[in-house]
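my_file-v6.txt follows; it contains compact mmCIF, C-alpha atoms.
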# COMPACT_ATOMS: atom_id res chain seq x y z
CA MET A 1 10.82 4.69 2.11
CA LEU A 2 8.01 3.62 4.42
CA LEU A 3 5.04 5.94 4.69
CA GLN A 4 1.89 5.77 6.79
CA ILE A 5 -1.19 7.52 5.38
CA ALA A 6 -4.36 8.01 7.42
CA ASP A 7 -7.98 8.16 6.24
CA VAL A 8 -7.42 6.83 2.74
CA LEU A 9 -10.93 5.41 2.33
CA PRO A 10 -14.18 7.36 2.57
CA GLU A 11 -16.31 6.16 5.47
CA HIS A 12 -19.03 4.68 3.23
CA THR A 13 -16.49 2.66 1.24
CA LEU A 14 -14.83 1.39 4.42
CA THR A 15 -18.20 0.35 5.84
CA SER A 16 -19.17 -1.48 2.62
CA ILE A 17 -15.97 -3.52 2.64
CA GLN A 18 -16.24 -4.32 6.33
CA GLU A 19 -19.76 -5.67 5.78
CA LEU A 20 -18.52 -8.01 3.04
CA SER A 21 -15.70 -9.39 5.17
CA ASP A 22 -18.01 -11.68 7.18
CA ARG A 23 -19.33 -13.50 4.10
CA ASP A 24 -17.42 -16.76 3.78
CA ASP A 25 -18.85 -17.39 0.30
CA LEU A 26 -16.92 -14.41 -1.07
CA PHE A 27 -13.48 -15.71 -0.05
CA VAL A 28 -11.13 -18.38 -1.43
CA ASP A 29 -7.78 -19.86 -0.38
CA GLY A 30 -5.14 -17.14 -0.54
CA GLN A 31 -2.43 -19.49 -1.79
CA ALA A 32 -3.88 -19.22 -5.30
CA THR A 33 -2.08 -15.91 -5.94
CA ALA A 34 1.21 -16.59 -4.15
CA GLY A 35 4.51 -17.38 -5.85
CA TRP A 36 5.91 -20.89 -5.48
CA LYS A 37 8.03 -20.03 -2.44
CA ALA A 38 5.57 -17.70 -0.73
CA ARG A 39 2.81 -20.29 -1.22
CA GLU A 40 4.46 -22.44 1.44
CA ARG A 41 4.12 -19.62 3.99
CA LYS A 42 0.80 -18.04 3.01
CA HIS A 43 -2.19 -19.09 5.10
CA ASN A 44 -5.05 -16.67 4.60
CA LEU A 45 -8.20 -16.04 2.58
CA GLN A 46 -8.73 -13.57 -0.21
CA GLY A 47 -11.71 -12.17 -2.07
CA GLY A 48 -12.78 -14.35 -4.96
CA GLN A 49 -14.11 -13.47 -8.38
CA SER A 50 -17.45 -11.80 -7.75
CA LYS A 51 -19.13 -8.52 -8.66
CA LEU A 52 -19.36 -7.55 -5.01
CA VAL A 53 -15.64 -7.97 -4.38
CA SER A 54 -14.68 -6.36 -7.69
CA GLY A 55 -16.94 -3.41 -6.94
CA VAL A 56 -15.43 -2.57 -3.56
CA LEU A 57 -11.90 -3.11 -4.85
CA GLN A 58 -12.59 -0.67 -7.67
CA LYS A 59 -13.67 1.96 -5.15
CA ALA A 60 -10.62 1.28 -3.01
CA GLU A 61 -8.33 1.53 -6.04
CA GLU A 62 -9.79 4.91 -6.97
CA ALA A 63 -9.30 6.19 -3.42
CA VAL A 64 -5.68 5.03 -3.32
CA MET A 65 -4.79 6.41 -6.74
CA ASP A 66 -6.45 9.77 -5.98
CA ASN A 67 -4.66 10.21 -2.66
CA GLN A 68 -2.22 13.12 -2.84
CA LEU A 69 0.37 11.51 -0.58
CA VAL A 70 0.30 8.30 -2.65
CA GLN A 71 0.80 10.38 -5.78
CA ALA A 72 3.74 12.25 -4.27
CA ALA A 73 5.46 9.26 -2.66
CA ALA A 74 4.85 6.50 -5.21
CA ARG A 75 4.51 8.41 -8.50
CA PRO A 76 2.15 5.64 -9.62
CA ARG A 77 1.81 4.85 -13.29
CA ASN A 78 -0.89 2.26 -12.63
CA MET A 79 -2.23 -0.26 -10.16
CA VAL A 80 -0.77 -3.63 -11.10
CA GLN A 81 -2.97 -5.72 -8.80
CA ILE A 82 -5.23 -5.24 -5.79
CA LEU A 83 -6.62 -7.94 -3.47
CA LEU A 84 -8.95 -8.23 -0.49
CA SER A 85 -7.31 -10.42 2.18
CA ARG A 86 -8.75 -11.92 5.36
CA TYR A 87 -6.90 -13.53 8.26
CA ASP A 88 -9.00 -15.54 10.68
CA SER A 89 -7.68 -16.92 13.95
CA GLY A 90 -4.52 -18.99 13.37
CA MET A 91 -3.79 -17.53 9.92
CA THR A 92 -0.47 -15.92 9.01
CA TYR A 93 1.85 -15.07 6.13
CA GLY A 94 5.52 -15.84 6.75
CA ASN A 95 8.55 -13.90 5.53
CA HIS A 96 8.41 -13.23 1.81
CA VAL A 97 9.21 -10.65 -0.86
CA ASP A 98 6.53 -9.68 -3.35
CA ASP A 99 6.83 -10.94 -6.93
CA ALA A 100 8.89 -8.63 -9.12
CA LEU A 101 6.45 -9.09 -12.00
CA MET A 102 2.69 -9.44 -11.77
CA ARG A 103 0.49 -9.70 -14.85
CA GLY A 104 3.55 -8.93 -16.94
CA GLN A 105 4.28 -5.65 -15.15
CA ARG A 106 6.98 -4.58 -12.72
CA THR A 107 5.98 -4.01 -9.10
CA ASP A 108 7.71 -1.04 -7.46
CA VAL A 109 5.59 -0.05 -4.47
CA SER A 110 3.43 -2.26 -2.25
CA PHE A 111 0.74 -1.18 0.17
CA THR A 112 -1.38 -2.61 2.94
CA LEU A 113 -4.67 -0.82 3.61
CA PHE A 114 -6.09 -1.78 7.00
CA LEU A 115 -9.86 -2.35 7.17
CA THR A 116 -10.25 -3.77 10.69
CA PRO A 117 -9.83 -1.67 13.87
CA PRO A 118 -6.64 -2.74 15.66
CA ASP A 119 -8.51 -3.68 18.84
CA ALA A 120 -10.71 -6.15 16.91
CA TYR A 121 -7.93 -8.76 16.61
CA THR A 122 -4.85 -9.95 18.46
CA GLY A 123 -1.58 -10.38 16.59
CA GLY A 124 -1.66 -9.85 12.83
CA GLU A 125 0.95 -7.07 12.68
CA LEU A 126 2.60 -6.32 9.35
CA VAL A 127 6.34 -6.64 10.00
CA ILE A 128 8.74 -5.07 7.49
CA ASP A 129 12.45 -5.85 7.60
CA GLU A 130 14.53 -2.67 7.37
CA PRO A 131 18.33 -2.20 7.61
CA GLY A 132 17.83 -0.50 10.98
CA GLY A 133 15.63 -3.30 12.28
CA GLU A 134 12.10 -4.59 11.94
CA GLN A 135 9.16 -2.18 11.85
CA ARG A 136 5.70 -3.31 12.93
CA PHE A 137 2.40 -1.88 11.71
CA LYS A 138 -1.15 -2.31 12.96
CA LEU A 139 -3.00 0.78 11.82
CA ASP A 140 -6.47 2.21 12.26
CA ALA A 141 -9.18 1.10 9.84
CA GLY A 142 -8.92 3.13 6.64
CA SER A 143 -5.19 3.84 7.04
CA MET A 144 -2.41 2.37 4.94
CA VAL A 145 1.31 1.85 4.81
CA LEU A 146 3.34 2.19 1.60
CA TYR A 147 6.63 0.33 1.27
CA PRO A 148 9.04 -0.69 -1.52
CA SER A 149 8.11 -4.01 -3.10
CA THR A 150 11.73 -5.08 -2.65
CA THR A 151 11.38 -5.44 1.13
CA LEU A 152 11.17 -8.68 3.08
CA HIS A 153 7.99 -8.66 5.17
CA ARG A 154 5.47 -10.89 6.94
CA VAL A 155 2.12 -10.93 8.72
CA GLU A 156 2.25 -12.22 12.29
CA PRO A 157 -0.24 -14.96 13.24
CA VAL A 158 -3.70 -13.79 14.25
CA SER A 159 -4.39 -15.41 17.60
CA GLU A 160 -7.88 -13.99 18.12
CA GLY A 161 -10.41 -12.09 16.04
CA ARG A 162 -10.24 -11.30 12.34
CA ARG A 163 -7.84 -9.12 10.33
CA VAL A 164 -9.08 -7.77 7.01
CA VAL A 165 -6.89 -5.70 4.68
CA ILE A 166 -6.56 -4.66 1.08
CA VAL A 167 -3.12 -5.24 -0.41
CA GLY A 168 -1.93 -3.85 -3.70
CA TRP A 169 1.03 -3.23 -5.95
CA LEU A 170 1.87 -0.12 -7.93
CA ARG A 171 4.04 0.38 -10.96
CA SER A 172 5.81 3.72 -10.63
CA PHE A 173 6.93 6.19 -13.27
CA VAL A 174 10.16 6.27 -11.21
CA ARG A 175 11.37 2.76 -10.48
CA ASP A 176 14.25 3.75 -8.16
CA ALA A 177 13.09 4.09 -4.53
CA VAL A 178 15.87 6.58 -3.67
CA LYS A 179 14.84 8.85 -6.53
CA ARG A 180 11.19 8.65 -5.47
CA GLU A 181 12.17 9.72 -1.97
CA ILE A 182 14.12 12.72 -3.30
CA LEU A 183 11.08 13.83 -5.31
CA PHE A 184 8.85 13.34 -2.27
CA ASP A 185 11.16 15.50 -0.14
CA LEU A 186 11.06 18.22 -2.79
CA ASP A 187 7.27 18.07 -2.74
CA ARG A 188 7.31 18.51 1.02
CA SER A 189 9.68 21.48 0.71
CA ALA A 190 7.45 23.08 -1.93
CA HIS A 191 4.41 22.60 0.27
CA ALA A 192 6.16 24.31 3.19
CA LEU A 193 7.12 27.29 0.98
CA ARG A 194 3.69 27.86 -0.57
CA GLY A 195 2.29 31.31 0.11
CA SER A 196 5.74 32.76 0.74
CA GLU A 197 6.97 36.14 -0.51
CA GLY A 198 10.34 37.59 -1.45
CA GLN A 199 13.33 35.27 -1.28
CA ALA A 200 11.18 32.41 0.01
CA ALA A 201 8.99 32.70 -3.11
CA THR A 202 12.13 32.43 -5.23
CA ALA A 203 13.14 29.34 -3.26
CA LEU A 204 9.71 27.84 -4.01
CA ASP A 205 10.16 28.49 -7.73
CA LEU A 206 13.59 26.83 -7.68
CA THR A 207 12.26 23.87 -5.67
CA LEU A 208 9.43 23.31 -8.14
CA LYS A 209 11.83 23.69 -11.05
CA THR A 210 14.21 21.12 -9.56
CA ARG A 211 11.40 18.67 -8.82
CA SER A 212 9.98 18.95 -12.34
CA ASN A 213 13.36 18.59 -14.02
CA LEU A 214 14.33 15.58 -11.92
CA LEU A 215 10.98 13.95 -12.69
CA ARG A 216 11.55 14.69 -16.38
CA LEU A 217 15.00 13.11 -16.13
CA TRP A 218 13.96 10.00 -14.19
CA ALA A 219 10.41 9.18 -15.27
CA GLU A 220 9.74 6.28 -17.63
CA ASP A 221 6.56 6.83 -19.65
Representation of the structure as structure tokens:
Amino acid sequence: MLLQIADVLPEHTLTSIQELSDRDDLFVDGQATAGWKARERKHNLQGGQSKLVSGVLQKAEEAVMDNQLVQAAARPRNMVQILLSRYDSGMTYGNHVDDALMRGQRTDVSFTLFLTPPDAYTGGELVIDEPGGEQRFKLDAGSMVLYPSTTLHRVEPVSEGRRVVIVGWLRSFVRDAVKREILFDLDRSAHALRGSEGQAATALDLTLKTRSNLLRLWAED
């Protein structure tokens, strides 16, 4: 399941990260964190080890993990890894699939959190390969896209301007993407039924019961 979520970051956090993105001294070669195959296709920069980068990533992680739609769609157990990535003119990241294990933990759900307004750079779309065809994403600053870590995806070359994003990987309590989508649909149904009376209130109770019991059945603690 692919899901777009708007306004994930508070304005002050977004502004703080955008201000850091122009500092070359805070970035290193992005190939350092790529797997052996992806390393051949990864040409970008990423935030290095510094208190400034760690501080803004911590704020971004808190915003992502506290987001209600992220909670409902990903059922996150924890954030496995989070990185600040920068693509200057000519940079790209070819087709790849994210590592199944990072830091000894399984990756279930990936996300790209856009930090640069889409009109500030040319190219740089996130392209995700789906059975029905490729889907392309270039979202507003502060918005994100969630997608299964199993998908083949790429970042198109940036031909002009600068693309800055935060990418991250979540370990889910529910590793199966189909099961996560079923739980998400039940959450949406429950939300639509809230405040109902009579038979609709009974339907809400049954929906919440079904969601809870499926989560109890499928979750890995």
key: Residue nearest Ala100 of chain A among A:Val80, A:Gln68, A:Val164, A:Leu113 (counting all atoms listed in the file)   = A:Val80
inquiry  = Let me make sure I understand: among A:Ile128, A:Lys179, A:Met144, A:Gly104, which one has the smallest atom-to-atom distance to Arg216 of chain A if we use only C-alpha atoms?
reply    =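 That would be A:Lys179, the residue with the smallest distance to Arg216 of chain A.
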inquiry  = Report, in Å with one decimal, the straight-line distance from atom CA of Ala32 of chain A to atom CA of Asn44 of chain A.
reply    = 10.3 Å
request  = Find the residues around Glu40 of chain A up to 12 Å (all atoms listed in the file counted), leave out those fewer than 6 positions away in its own chain, and share them as a list in words.
outcome  =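 Non-adjacent residues within range: Gly30, Gln31, Ala32, Thr33, Ala34, Thr92, Tyr93, Gly94, Asn95 and His96 of chain A.
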ask   = Hey, what's within 8 Å of Val145 of chain A if we count all atoms listed in the file and toss same-chain stuff fewer than 4 positions away? As a PyMOL selection string, please?
value = chain A and resi 2-5+111-113+137
message = Using Å and a single decimal, report how far atom CA of Glu125 of chain A sits from atom CA of Glu156 of chain A.
response = 5.3 Å
key: Option closest in space to Val167 of chain A, from A:Leu183, A:Leu214, A:Leu84, A:Ile17 [counting all atoms listed in the file]   = A:Leu84
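Proximity to Leu204 of chain A was assessed for A:Met91, A:Ala60, A:Leu186, A:Ala219 counting only C-alpha atoms; the smallest distance is recorded for A:Leu186.
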request  = Please indicate the distance in Å from atom CA of Asp176 of chain A to atom CA of Leu206 of chain A, rounded to one decimal place.
outcome  =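 Straight-line distance from atom CA of Asp176 of chain A to atom CA of Leu206 of chain A works out to 23.1 Å.
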request  = Might you pull out every residue within 9 Å of Val70 of chain A, with all atoms listed in the file counted and same-chain residues fewer than 6 positions away left off, and present them as a list in words?
outcome  =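 In the requested format, the answer is Ile5, Val64, Pro76 and Leu146 of chain A.
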request  = Counting all atoms listed in the file, figure out which residue out of A:Asp88, A:Leu45, A:Pro10, A:Ser21 gets nearest to Glu62 of chain A.
outcome  = A:Pro10
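When only C-alpha atoms are used to compute distances to Glu220 of chain A, the closest of the residues A:Val97, A:Val174, A:Ala74, A:Val127 turns out to be A:Val174.
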Pick out the residues sitting within 6 Å of Phe27 of chain A, and hand them over as a PDB file with C-alpha atoms, keeping the file's coordinate frame; count only C-alpha atoms, and ignore anything fewer than 6 positions along from it in its own chain.
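Contents of selection-v3.pdb, as written:
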ATOM      1  CA  LEU A  45      -8.200 -16.040   2.580  1.00  0.00           C
ATOM      2  CA  GLN A  46      -8.730 -13.570  -0.210  1.00  0.00           C
ATOM      3  CA  GLY A  47     -11.710 -12.170  -2.070  1.00  0.00           C
ATOM      4  CA  GLY A  48     -12.780 -14.350  -4.960  1.00  0.00           C
TER       5      GLY A  48
END
Report, as JSON, the axis-aligned box around all atoms of segment 1-20 of chain A present in the file, extended by 5 Å on each side; give centre and edge lengths in Å to one decimal place.
{"center_x": -4.5, "center_y": 0.1, "center_z": 4.3, "size_x": 40.6, "size_y": 26.2, "size_z": 16.2}
